[in-house]
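Chemist: Once you've had a glance at the structure underneath, I'll fire off some questions.
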Amino acid sequence: MSACFSSCKIGDDNPNKDITVEAFSGFKDNRLFIDSDSIRAYIADMMRADGQSLPSDRFVRKYYGGDKPFMWISYGGITASADTLLEYLADVDKSGINPRLFRAEQIVADLETVRTLDVDGVSRPINRILARLEYNLTRSYLRYVSCQHFGFLNPNMLYNRLDTLSNDSAGLKWKRLCDLRVKRPDSAFCARSLACIDTDSMGIYISGLLPKGELYGMLVNHLNDGSLTTAERMKTLCNIERCRWRLAVMPDDTRKHVSVNIPSYSLRAVDGDSVLSMRVCCGAKKTKTPLLSSSLMRMDVNPQWIVPKSIAVGYVGRTGYMYSQGMFVYDKKLGKLPPEEASYSKITQGEQYIVQEGGPKNSLGRIIFRFENNFSVFLHDTSAPWLFKSAMRAVSHGCVRVERPYDLAVFMLSDKNSSLAERIKYTMSLDPDDKSGGKPVIDRKKKINNVRIDPQIPLFITYYTVYYGSGGRLVSYEDIYGFDDVTAEQLRPYIR
């Protein structure tokens, strides 16, 4: 397909330089008469027939509906940027995208028709062919740069209408499972993209928009190794799409970050070429860990646990268990109360809380890693470390339990301060039940309650079902939340 065109590089001859609107206008043959009003009318007909299925299509309709200048055809000829675009489109199927989205074959055929002047006034009128070139090139170009830079799907639309929160007289409410705050193609992006047409920098501009993450490259290579079944190919395509979702900060743009991947039950703490890996436990199917991006900002050592309301109501009346686990009741009016004072109605109304003291029995373990989010979830240690030996670790109420909390705490320290690391280690080892002379033996100078993470470290909670395994190789993981199914259903119109 691309053999019909020479590459668009600085210094190369433009193969279309002799095909100009003036060249056509010089003929007395009415078949070659160029009329901009006819071209616009043909474009309007194509837009009505096409509708709009992608965000960039809306911009195309608005652009040509506003009587804006042509971008690809002019009195100077057909811009050689069409060749540049076609070179990129020739390889689009290697990343799993359906080439039919871009009408490259029609563009090639129309360019050949223009070059050879193989037109007539009935089946191949010149104005219709030029209109088709102008419209299809713009539509294909904006589709290509948009889908490569942002992906086809919006995860916040995709995953936030899966699990019901309630269904009553007030209507159906959904649980939020995703808060990735991805960027999407907008008018400003489309306008910047159009501004690069017919410039020497268009190829550089397109190249700069393509996904470049390490995982993306590995997945694309995996897609093209020729050994995948139909199901494996679809699974790989779902994960390639996830790599395209554009966050304000991307993992590969940072030197230091933490990534938690739910299907692999794993955490990767990356600092340049160094990677600290560990197992994690994530939310159960009914209490899924949300997908999000944030920044780790503080570590609290031996934290208290304010028991979520949904769990706390189950402790009412279980005073023996609450005492054994170091729990008490906090009443907004009366303050700290013994377990016997727990009230079901007051807990449900938010007037009371059940709190668990910090220590070895605390469900949060010895340390918690805090970050801003809309779900009240965190990374933390656990009082049940044996769970990490299980293959299926979707067991929490939404938080992420980490296998090596102390190592992760040291990773958070910007200068690897050994004295501070030792204080964290000491405090994590304290046992309030270990008393001498009636009081806990605590070195107050070594004890530390919280540590600010400065600078803050980007955190990504992701959902890749084909992801890093041991040695950095790709491994296929179970789709524990069923996200692949809904992703594949919505992605099918755009992939091959």
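As shown in the structure tokens, the chain order sets the letters A, B, ...; within each chain, residues go from 1, and ligands are also counted from 1 in the order they appear.
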Which residues are close to Glu422 of chain A, i.e. within 10 Å by only C-alpha atoms, leaving aside same-chain residues fewer than 4 positions away? Reply as a list of chain:residue names.

Modeler: A:Val410, A:Asn417, A:Ser418, A:Tyr426, A:Thr427, A:Met428, A:Lys446, A:Lys447

Chemist: Out of segment 391-433 of chain A, which residues get strand (DSSP E) from DSSP, as a list in words?

Modeler: Ala394, Val395, Ser396, Val400, Arg401 and Val402 of chain A

Chemist: Next, dump the selected residues to file, keeping only N, CA, C and O atoms, as a JSON list (two decimals), in the first residue's frame.

Modeler:
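Writing the result to result.json gives the following:
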```
[["chain", "number", "residue", "atom", "x", "y", "z"],
["A", 394, "ALA", "N", -7.21, -12.46, 46.63],
["A", 394, "ALA", "CA", -8.25, -11.43, 46.60],
["A", 394, "ALA", "C", -9.10, -11.61, 47.85],
["A", 394, "ALA", "O", -10.15, -12.26, 47.83],
["A", 395, "VAL", "N", -8.65, -11.04, 48.97],
["A", 395, "VAL", "CA", -9.24, -11.36, 50.27],
["A", 395, "VAL", "C", -9.59, -10.13, 51.11],
["A", 395, "VAL", "O", -10.26, -10.27, 52.13],
["A", 396, "SER", "N", -9.19, -8.94, 50.71],
["A", 396, "SER", "CA", -9.36, -7.77, 51.57],
["A", 396, "SER", "C", -10.68, -7.06, 51.28],
["A", 396, "SER", "O", -11.44, -7.43, 50.40],
["A", 400, "VAL", "N", -4.78, -2.72, 50.06],
["A", 400, "VAL", "CA", -3.72, -3.59, 49.54],
["A", 400, "VAL", "C", -2.78, -3.94, 50.68],
["A", 400, "VAL", "O", -2.16, -3.05, 51.28],
["A", 401, "ARG", "N", -2.67, -5.22, 50.99],
["A", 401, "ARG", "CA", -1.76, -5.69, 52.03],
["A", 401, "ARG", "C", -0.44, -6.08, 51.39],
["A", 401, "ARG", "O", -0.42, -6.82, 50.39],
["A", 402, "VAL", "N", 0.67, -5.61, 51.94],
["A", 402, "VAL", "CA", 1.97, -5.82, 51.31],
["A", 402, "VAL", "C", 2.79, -6.84, 52.10],
["A", 402, "VAL", "O", 2.75, -6.89, 53.33]]
```

Chemist: To test your reading of the structure, identify every residue in segment 42-83 of chain A that backbone DSSP assigns to helix (DSSP H, G or I), and report it as a ChimeraX atom specification.

Modeler: /A:42-50,55-65,81-83

Chemist: Near Gln456 of chain A, counting only C-alpha atoms, which residues have an atom at most 7 Å away, once you skip same-chain residues fewer than 6 positions from it, shown as a count of residues only?

Modeler: 3

Chemist: Could you give me, as a compact mmCIF listing (two decimals) with N, CA, C and O atoms, in the first residue's frame, the residues within 12 Å of Glu489 of chain A, counting only C-alpha atoms and dropping anything in the same chain fewer than 2 positions from it?

Modeler:
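And here's part_11.txt as it stands now:
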```txt
# COMPACT_ATOMS: atom_id res chain seq x y z
N LEU A 153 -10.93 3.48 24.69
CA LEU A 153 -11.93 3.40 25.74
C LEU A 153 -11.57 4.29 26.93
O LEU A 153 -10.39 4.53 27.19
N LEU A 158 -15.96 2.65 31.62
CA LEU A 158 -15.98 1.21 31.38
C LEU A 158 -16.24 0.41 32.66
O LEU A 158 -17.04 -0.54 32.65
N MET A 234 -6.96 -11.83 22.21
CA MET A 234 -7.89 -10.84 22.75
C MET A 234 -7.43 -10.36 24.12
O MET A 234 -7.51 -9.16 24.44
N LYS A 235 -6.94 -11.27 24.93
CA LYS A 235 -6.44 -10.89 26.26
C LYS A 235 -5.28 -9.91 26.14
O LYS A 235 -5.20 -8.92 26.87
N LEU A 237 -4.69 -7.90 23.59
CA LEU A 237 -5.21 -6.63 23.07
C LEU A 237 -5.84 -5.79 24.17
O LEU A 237 -5.72 -4.55 24.17
N CYS A 238 -6.54 -6.42 25.10
CA CYS A 238 -7.12 -5.68 26.23
C CYS A 238 -6.04 -4.98 27.03
O CYS A 238 -6.21 -3.84 27.47
N GLY A 482 -13.14 -9.85 36.25
CA GLY A 482 -13.93 -9.88 35.03
C GLY A 482 -13.79 -8.64 34.17
O GLY A 482 -14.60 -8.41 33.27
N PHE A 483 -12.75 -7.85 34.40
CA PHE A 483 -12.57 -6.60 33.65
C PHE A 483 -12.20 -6.87 32.19
O PHE A 483 -12.50 -6.06 31.31
N ASP A 484 -11.52 -7.98 31.91
CA ASP A 484 -11.17 -8.29 30.52
C ASP A 484 -12.42 -8.49 29.67
O ASP A 484 -12.46 -8.07 28.50
N ASP A 485 -13.41 -9.12 30.23
CA ASP A 485 -14.63 -9.41 29.48
C ASP A 485 -15.31 -8.13 29.01
O ASP A 485 -15.67 -8.00 27.83
N VAL A 486 -15.48 -7.18 29.91
CA VAL A 486 -16.16 -5.94 29.54
C VAL A 486 -15.28 -5.10 28.63
O VAL A 486 -15.77 -4.40 27.72
N THR A 487 -13.95 -5.16 28.82
CA THR A 487 -13.03 -4.42 27.95
C THR A 487 -13.07 -4.98 26.53
O THR A 487 -13.16 -4.23 25.56
N LEU A 491 -14.08 -3.16 23.02
CA LEU A 491 -12.91 -2.92 22.16
C LEU A 491 -13.04 -3.57 20.78
O LEU A 491 -12.37 -3.14 19.83
N ARG A 492 -13.89 -4.56 20.64
CA ARG A 492 -13.96 -5.35 19.42
C ARG A 492 -14.14 -4.53 18.14
O ARG A 492 -13.54 -4.85 17.11
N PRO A 493 -14.95 -3.46 18.12
CA PRO A 493 -15.11 -2.71 16.87
C PRO A 493 -13.82 -2.06 16.37
O PRO A 493 -13.75 -1.68 15.19
N TYR A 494 -12.80 -1.95 17.23
CA TYR A 494 -11.62 -1.18 16.87
C TYR A 494 -10.37 -2.03 16.66
O TYR A 494 -9.33 -1.49 16.28
N ILE A 495 -10.47 -3.33 16.88
CA ILE A 495 -9.26 -4.15 16.85
C ILE A 495 -9.36 -5.22 15.75
O ILE A 495 -10.40 -5.45 15.17
```

Chemist: Hey, which of A:Ala248, A:Ser207, A:Tyr467, A:Lys346 ends up closest to Arg181 of chain A? Count only C-alpha atoms.

Modeler: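 Of all the options, A:Ala248 lies closest to Arg181 of chain A.
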
Chemist: So which one's closest to Pro455 of chain A, A:Thr254, A:Asn239, A:Ser414, A:Ser277? Using only C-alpha atoms, please.

Modeler: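 Using only C-alpha atoms, the shortest distance to Pro455 of chain A belongs to A:Ser414.
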